[in-house]
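Okay, entry-v2.tsv now, which holds TSV, C-alpha atoms:
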chain	number	residue	atom	x	y	z
A	1239	MET	CA	112.82	-66.98	-116.33
A	1240	GLU	CA	113.66	-66.87	-112.65
A	1241	SER	CA	116.99	-65.26	-113.40
A	1242	TYR	CA	115.20	-62.07	-114.45
A	1243	ARG	CA	113.73	-61.65	-110.96
A	1244	THR	CA	115.42	-60.10	-107.96
A	1245	PRO	CA	115.79	-62.27	-104.84
A	1246	LEU	CA	113.23	-60.03	-103.05
A	1247	ALA	CA	110.71	-60.44	-105.89
A	1248	ARG	CA	111.21	-64.22	-105.74
A	1249	ALA	CA	110.76	-64.27	-101.97
A	1250	ARG	CA	107.52	-62.28	-102.22
A	1251	GLY	CA	106.29	-64.65	-104.93
A	1252	LEU	CA	104.11	-62.00	-106.59
A	1253	GLY	CA	103.58	-61.15	-110.27
A	1254	ALA	CA	104.48	-58.20	-112.43
A	1255	ALA	CA	101.58	-56.08	-111.15
A	1256	GLY	CA	102.64	-56.82	-107.59
A	1257	HIS	CA	99.68	-59.07	-106.77
A	1258	GLY	CA	98.93	-61.46	-109.67
A	1259	ALA	CA	100.60	-64.55	-108.22
A	1260	GLY	CA	99.10	-63.66	-104.85
A	1261	HIS	CA	95.60	-64.26	-106.24
A	1262	TRP	CA	96.72	-67.52	-107.82
A	1263	ILE	CA	98.33	-68.77	-104.60
A	1264	THR	CA	95.34	-67.72	-102.44
A	1265	GLU	CA	92.99	-69.65	-104.74
A	1266	ARG	CA	95.17	-72.80	-104.40
A	1267	ILE	CA	95.44	-72.49	-100.61
A	1268	SER	CA	91.65	-72.13	-100.27
A	1269	SER	CA	91.22	-75.13	-102.64
A	1270	VAL	CA	93.41	-77.31	-100.45
A	1271	ALA	CA	91.59	-76.15	-97.28
A	1272	LEU	CA	88.20	-76.82	-98.89
A	1273	VAL	CA	88.99	-80.48	-99.63
A	1274	PRO	CA	88.54	-81.58	-95.98
A	1275	LEU	CA	86.18	-78.71	-95.11
A	1276	SER	CA	83.68	-79.46	-97.89
A	1277	LEU	CA	83.71	-83.20	-97.09
A	1278	TRP	CA	83.00	-82.28	-93.47
A	1279	GLY	CA	80.25	-79.98	-94.80
A	1280	VAL	CA	78.54	-82.95	-96.49
A	1281	TYR	CA	78.73	-84.88	-93.19
A	1282	ALA	CA	77.35	-81.82	-91.34
A	1283	VAL	CA	74.38	-81.45	-93.71
A	1284	LEU	CA	73.55	-85.18	-93.37
A	1285	LYS	CA	73.75	-84.83	-89.58
A	1286	LEU	CA	71.68	-81.61	-89.46
A	1287	ALA	CA	69.00	-82.94	-91.83
A	1288	GLY	CA	67.93	-85.41	-89.14
A	1289	LEU	CA	67.76	-82.85	-86.32
A	1290	ASP	CA	65.07	-80.37	-85.25
A	1291	TYR	CA	65.74	-76.76	-84.20
A	1292	VAL	CA	66.87	-77.62	-80.65
A	1293	GLY	CA	69.05	-80.46	-81.89
A	1294	ALA	CA	70.62	-78.34	-84.64
A	1295	ALA	CA	71.31	-75.44	-82.23
A	1296	ALA	CA	72.90	-77.83	-79.71
A	1297	TRP	CA	74.97	-79.47	-82.47
A	1298	ILE	CA	76.30	-76.15	-83.79
A	1299	ALA	CA	77.07	-75.05	-80.18
A	1300	HIS	CA	79.74	-77.74	-79.95
A	1301	PRO	CA	83.06	-75.84	-80.35
A	1302	LEU	CA	84.41	-78.14	-83.08
A	1303	ASN	CA	81.20	-77.91	-85.14
A	1304	ALA	CA	80.92	-74.12	-84.68
A	1305	VAL	CA	84.54	-73.51	-85.70
A	1306	LEU	CA	84.48	-75.89	-88.67
A	1307	MET	CA	81.16	-74.46	-89.92
A	1308	ALA	CA	82.51	-70.89	-89.58
A	1309	LEU	CA	85.74	-71.87	-91.36
A	1310	LEU	CA	83.75	-73.61	-94.11
A	1311	ALA	CA	81.77	-70.39	-94.60
A	1312	ILE	CA	84.81	-68.08	-94.54
A	1313	VAL	CA	86.97	-70.16	-96.88
A	1314	SER	CA	84.03	-70.93	-99.21
A	1315	PHE	CA	83.03	-67.28	-99.56
A	1316	GLN	CA	86.65	-66.26	-100.15
A	1317	HIS	CA	87.11	-69.02	-102.75
A	1318	MET	CA	83.81	-68.38	-104.54
A	1319	HIS	CA	84.53	-64.67	-104.69
A	1320	ALA	CA	87.83	-65.43	-106.44
A	1321	GLY	CA	86.20	-67.98	-108.76
A	1322	MET	CA	83.28	-65.76	-109.73
A	1323	ARG	CA	85.73	-62.92	-110.33
A	1324	VAL	CA	87.54	-65.01	-112.94
A	1325	ILE	CA	84.22	-65.87	-114.64
A	1326	VAL	CA	83.12	-62.22	-114.69
A	1327	GLU	CA	86.50	-61.10	-116.06
A	1328	ASP	CA	86.12	-63.61	-118.90
A	1329	TYR	CA	82.64	-62.56	-120.04
A	1330	PHE	CA	82.18	-58.89	-119.09
A	1331	HIS	CA	84.07	-55.76	-120.03
A	1332	GLY	CA	84.23	-52.08	-119.19
A	1333	GLY	CA	81.85	-50.44	-116.73
A	1334	GLN	CA	79.54	-53.47	-116.62
A	1335	ARG	CA	82.45	-55.59	-115.40
A	1336	ALA	CA	83.27	-53.13	-112.61
A	1337	VAL	CA	79.67	-53.10	-111.38
A	1338	ILE	CA	79.39	-56.91	-111.39
A	1339	LEU	CA	82.77	-57.34	-109.66
A	1340	LEU	CA	81.70	-54.89	-106.96
A	1341	GLY	CA	78.40	-56.77	-106.58
A	1342	ASN	CA	80.28	-60.07	-106.32
A	1343	LEU	CA	82.52	-58.67	-103.56
A	1344	PHE	CA	79.64	-57.14	-101.61
A	1345	VAL	CA	77.46	-60.27	-101.83
A	1346	CYS	CA	80.32	-62.52	-100.67
A	1347	VAL	CA	81.35	-60.27	-97.78
A	1348	LEU	CA	77.77	-59.63	-96.64
A	1349	MET	CA	76.61	-63.26	-96.82
A	1350	GLY	CA	79.88	-64.57	-95.34
A	1351	ALA	CA	79.60	-62.13	-92.42
A	1352	LEU	CA	75.92	-63.05	-91.88
A	1353	ALA	CA	76.78	-66.76	-91.87
A	1354	VAL	CA	79.66	-66.41	-89.39
A	1355	PHE	CA	77.74	-64.04	-87.09
A	1356	SER	CA	74.70	-66.36	-87.13
A	1357	ILE	CA	76.82	-69.41	-86.28
A	1358	LEU	CA	78.52	-67.55	-83.43
A	1359	LYS	CA	75.19	-66.17	-82.14
A	1360	VAL	CA	73.72	-69.68	-81.87
A	1361	ALA	CA	76.95	-71.20	-80.56
A	1362	LEU	CA	77.49	-68.55	-77.88
A	1363	GLY	CA	73.80	-68.10	-77.07
A	1364	GLY	CA	73.79	-71.21	-74.90
A	1365	ALA	CA	70.89	-72.85	-76.69
B	893	MET	CA	94.57	-51.31	-122.01
B	894	THR	CA	94.02	-49.25	-125.17
B	895	THR	CA	90.71	-47.43	-125.45
B	896	ALA	CA	90.08	-48.13	-129.17
B	897	PRO	CA	91.45	-51.44	-130.51
B	898	PRO	CA	91.73	-51.50	-134.34
B	899	ARG	CA	89.25	-54.39	-134.53
B	900	ALA	CA	87.50	-56.76	-132.18
B	901	ARG	CA	89.98	-59.39	-131.04
B	902	PRO	CA	89.10	-62.97	-130.19
B	903	LEU	CA	88.55	-63.28	-126.45
B	904	SER	CA	88.62	-66.29	-124.19
B	905	PRO	CA	86.56	-68.42	-124.39
B	906	HIS	CA	85.87	-68.85	-128.09
B	907	LEU	CA	84.28	-72.27	-128.43
B	908	GLN	CA	83.72	-72.26	-132.18
B	909	VAL	CA	87.30	-73.22	-133.06
B	910	TRP	CA	87.31	-76.41	-130.95
B	911	ARG	CA	85.98	-79.84	-131.77
B	912	PHE	CA	84.36	-81.70	-128.89
B	913	HIS	CA	86.72	-83.37	-126.42
B	914	VAL	CA	86.20	-84.64	-122.88
B	915	THR	CA	88.68	-82.28	-121.19
B	916	MET	CA	86.67	-79.38	-122.66
B	917	VAL	CA	83.47	-80.79	-121.14
B	918	GLY	CA	85.37	-81.25	-117.87
B	919	SER	CA	86.48	-77.64	-117.86
B	920	ILE	CA	82.99	-76.30	-118.67
B	921	LEU	CA	81.47	-78.48	-115.92
B	922	HIS	CA	84.08	-77.21	-113.45
B	923	ARG	CA	83.06	-73.63	-114.13
B	924	ALA	CA	79.34	-74.45	-114.16
B	925	SER	CA	79.56	-76.41	-110.89
B	926	GLY	CA	81.54	-73.57	-109.32
B	927	ALA	CA	78.81	-71.10	-110.27
B	928	GLY	CA	76.19	-73.51	-108.92
B	929	LEU	CA	78.06	-73.88	-105.63
B	930	TYR	CA	78.02	-70.07	-105.35
B	931	VAL	CA	74.25	-70.41	-104.96
B	932	GLY	CA	74.84	-73.37	-102.63
B	933	ALA	CA	76.97	-71.26	-100.28
B	934	LEU	CA	74.23	-68.60	-100.24
B	935	ILE	CA	71.77	-71.36	-99.26
B	936	LEU	CA	74.16	-72.44	-96.47
B	937	ALA	CA	74.42	-68.83	-95.22
B	938	GLY	CA	70.61	-68.64	-95.33
B	939	TRP	CA	70.45	-71.82	-93.25
B	940	ALA	CA	72.74	-70.29	-90.57
B	941	LEU	CA	70.69	-67.08	-90.62
B	942	SER	CA	67.42	-69.01	-90.17
B	943	LEU	CA	68.92	-70.99	-87.27
B	944	ALA	CA	69.94	-67.73	-85.59
B	945	SER	CA	66.44	-66.29	-86.22
B	946	GLY	CA	64.60	-68.84	-84.07
B	947	PRO	CA	62.54	-72.05	-84.28
B	948	GLU	CA	59.80	-70.75	-86.63
B	949	ALA	CA	62.24	-69.35	-89.19
B	950	TYR	CA	64.31	-72.53	-88.99
B	951	ALA	CA	61.27	-74.79	-89.45
B	952	THR	CA	60.18	-72.76	-92.51
B	953	TYR	CA	63.66	-72.85	-94.04
B	954	MET	CA	64.04	-76.60	-93.47
B	955	ALA	CA	60.56	-77.20	-94.93
B	956	ILE	CA	61.61	-75.38	-98.11
B	957	LEU	CA	64.85	-77.39	-98.33
B	958	GLY	CA	62.91	-80.60	-97.64
B	959	SER	CA	60.32	-80.01	-100.38
B	960	ILE	CA	60.66	-81.76	-103.74
B	961	PRO	CA	62.17	-78.69	-105.52
B	962	GLY	CA	64.38	-78.14	-102.46
B	963	LYS	CA	65.65	-81.71	-102.58
B	964	LEU	CA	66.25	-81.44	-106.33
B	965	VAL	CA	68.39	-78.33	-105.76
B	966	LEU	CA	70.25	-80.07	-102.91
B	967	PHE	CA	70.89	-83.13	-105.09
B	968	LEU	CA	72.27	-80.95	-107.91
B	969	LEU	CA	74.43	-79.17	-105.33
B	970	THR	CA	75.71	-82.55	-104.11
B	971	LEU	CA	76.64	-83.45	-107.70
B	972	GLY	CA	78.24	-80.03	-108.19
B	973	LEU	CA	80.17	-80.26	-104.92
B	974	PHE	CA	81.66	-83.70	-105.61
B	975	TYR	CA	82.43	-82.76	-109.21
B	976	HIS	CA	84.09	-79.47	-108.27
B	977	LEU	CA	85.99	-81.24	-105.47
B	978	ALA	CA	87.28	-84.00	-107.76
B	979	LYS	CA	88.10	-81.59	-110.60
B	980	GLY	CA	89.75	-79.23	-108.10
B	981	ILE	CA	92.05	-82.06	-106.98
B	982	GLN	CA	92.85	-82.81	-110.65
B	983	HIS	CA	93.69	-79.11	-111.09
B	984	LEU	CA	95.97	-79.19	-108.03
B	985	ILE	CA	97.75	-82.21	-109.56
B	986	TRP	CA	98.01	-80.32	-112.88
B	987	ASP	CA	99.50	-77.37	-110.94
B	988	THR	CA	102.45	-79.59	-110.02
B	989	GLY	CA	103.06	-80.18	-113.75
B	990	ARG	CA	101.81	-83.80	-113.70
B	991	GLY	CA	98.97	-85.49	-115.58
B	992	PHE	CA	99.07	-83.42	-118.75
B	993	SER	CA	99.51	-86.29	-121.23
B	994	LEU	CA	96.35	-86.79	-123.31
B	995	PRO	CA	95.54	-90.27	-121.92
B	996	SER	CA	95.83	-89.18	-118.28
B	997	ALA	CA	94.08	-85.83	-118.80
B	998	ASN	CA	91.20	-87.62	-120.56
B	999	ALA	CA	91.03	-90.42	-117.97
B	1000	GLY	CA	91.11	-87.87	-115.14
B	1001	SER	CA	88.31	-85.84	-116.73
B	1002	ILE	CA	86.11	-88.93	-117.04
B	1003	ALA	CA	87.04	-90.02	-113.50
B	1004	CYS	CA	85.84	-86.68	-112.07
B	1005	ILE	CA	82.40	-87.14	-113.67
B	1006	VAL	CA	82.17	-90.75	-112.45
B	1007	VAL	CA	83.28	-89.78	-108.91
B	1008	ALA	CA	80.66	-87.00	-108.78
B	1009	ILE	CA	77.81	-89.32	-109.80
B	1010	VAL	CA	78.87	-92.27	-107.60
B	1011	ALA	CA	79.56	-90.11	-104.51
B	1012	SER	CA	76.29	-88.17	-104.88
B	1013	VAL	CA	74.18	-91.31	-105.25
B	1014	ALA	CA	76.04	-92.89	-102.29
B	1015	VAL	CA	75.42	-89.84	-100.05
B	1016	TRP	CA	71.71	-89.70	-100.95
B	1017	PHE	CA	71.39	-93.47	-100.54
B	1018	TYR	CA	72.99	-93.12	-97.09
B	1019	ALA	CA	70.62	-90.24	-96.28
B	1020	ALA	CA	67.67	-92.39	-97.34
B	1021	ILE	CA	68.60	-95.42	-95.22
B	1022	THR	CA	69.44	-93.34	-92.12
B	1023	GLY	CA	66.25	-91.29	-92.39
B	1024	ALA	CA	68.05	-87.97	-92.88
B	1025	TYR	CA	66.45	-87.76	-96.32
Could you write out this file's structure as structure tokens?
Amino acid sequence: MESYRTPLARARGLGAAGHGAGHWITERISSVALVPLSLWGVYAVLKLAGLDYVGAAAWIAHPLNAVLMALLAIVSFQHMHAGMRVIVEDYFHGGQRAVILLGNLFVCVLMGALAVFSILKVALGGA
Amino acid sequence: MTTAPPRARPLSPHLQVWRFHVTMVGSILHRASGAGLYVGALILAGWALSLASGPEAYATYMAILGSIPGKLVLFLLTLGLFYHLAKGIQHLIWDTGRGFSLPSANAGSIACIVVAIVASVAVWFYAAITGAY
């Protein structure tokens, strides 16, 4: 199978349409990143559940917590966009599919951006 | 893609041709938990937004999460997270070409369900004894 591919095509690691394997690889990379990030997320939720507003704001202002929470949001929203895309492509077809895929993208980008901006606002606000 | 196929073709997934088996349940749960965690990430984004909106908004948001329906949703999300995490690791192992024999695929599928239940109960038990619950 590999012998049919040019060395450049192999080096790029992409599929016939020029991006297929890229999606596959991105989904795996985000999966690997989310193993430690999501476990940290469980720890963070347990920690935050016992804190009031001032405590939570101070906790998220710590550089490590702010960065990990922002990374958890970014990687999660990227990963869930890719996952939901696969689900939508399985069950919906035609124009309906296009509308739902667009909605999926917009929701993930909007909510991901809101999450990251909110974390940074609190972290940099000097609460 | 042709505009007019001669007849409707079977599309993935078509469940009616399969008898029940545990790897099938595992796969369905992986997809279902992924969809559930989509909502979970939106709840997390909402949490960050409420924190950035001030003490009143944060108190309201935390009160909703701390209510009985809120806790039920959070418990289901805990289950979904640990299941999706465990199943995701099994998928990463499968991606290397290992673990495809029926005994190990079946054992792995059962293990993911057991891990999800045990880890979720452990986390909520820990939350209860430390007062975070």
Using CA of Ile935 in chain B and CA of Pro947 in chain B as the two end points, give the distance in Å to one decimal. 17.6 Å
At a cut-off of 6 Å, can you tabulate as a tab-separated table every residue of chain B near chain A together with its closest atom pair and the distance in Å to one decimal, using only C-alpha atoms and ordering rows by chain then number?
residue	atom	partner	partner_atom	distance
B:Ala937	CA	A:Ala1353	CA	4.6
B:Ala940	CA	A:Ala1353	CA	5.5
B:Leu941	CA	A:Ser1356	CA	5.4
B:Ala944	CA	A:Ser1356	CA	5.2
B:Pro947	CA	A:Tyr1291	CA	5.7
B:Ala1024	CA	A:Gly1288	CA	4.5
Next, the residues of the selection above should be written as a short mmCIF file (atom, residue, chain, number, x, y, z; two decimals), in the coordinates of the input with C-alpha atoms.
data_model
loop_
_atom_site.label_atom_id
_atom_site.label_comp_id
_atom_site.auth_asym_id
_atom_site.auth_seq_id
_atom_site.Cartn_x
_atom_site.Cartn_y
_atom_site.Cartn_z
CA ALA B 937 74.42 -68.83 -95.22
CA ALA B 940 72.74 -70.29 -90.57
CA LEU B 941 70.69 -67.08 -90.62
CA ALA B 944 69.94 -67.73 -85.59
CA PRO B 947 62.54 -72.05 -84.28
CA ALA B 1024 68.05 -87.97 -92.88
#
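Residues lying within 7 Å of range 916-925 of chain B, counting only C-alpha atoms and ignoring same-chain neighbours fewer than 6 positions away, are Gly972, His976, Lys979 and Ser1001 of chain B.
CA of Gly1251 in chain A to CA of Thr1264 in chain A spans 11.6 Å [interatomic distance, one decimal].
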In Å, with one decimal, what is the gap from CA of Leu964 in chain B to CA of Ser945 in chain B? 25.2 Å
Enumerate, as a list in words, the protein, DNA and RNA residues whose atoms approach (78.4, -60.1, -107.0) to within 10 Å, taking into account all atoms listed in the file and the coordinate frame of the file.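 I get His1319, Met1322, Arg1323, Val1326, Val1337, Ile1338, Leu1339, Leu1340, Gly1341, Asn1342, Leu1343, Phe1344, Val1345, Cys1346 and Val1347 of chain A for the residues within 10 Å of that point.
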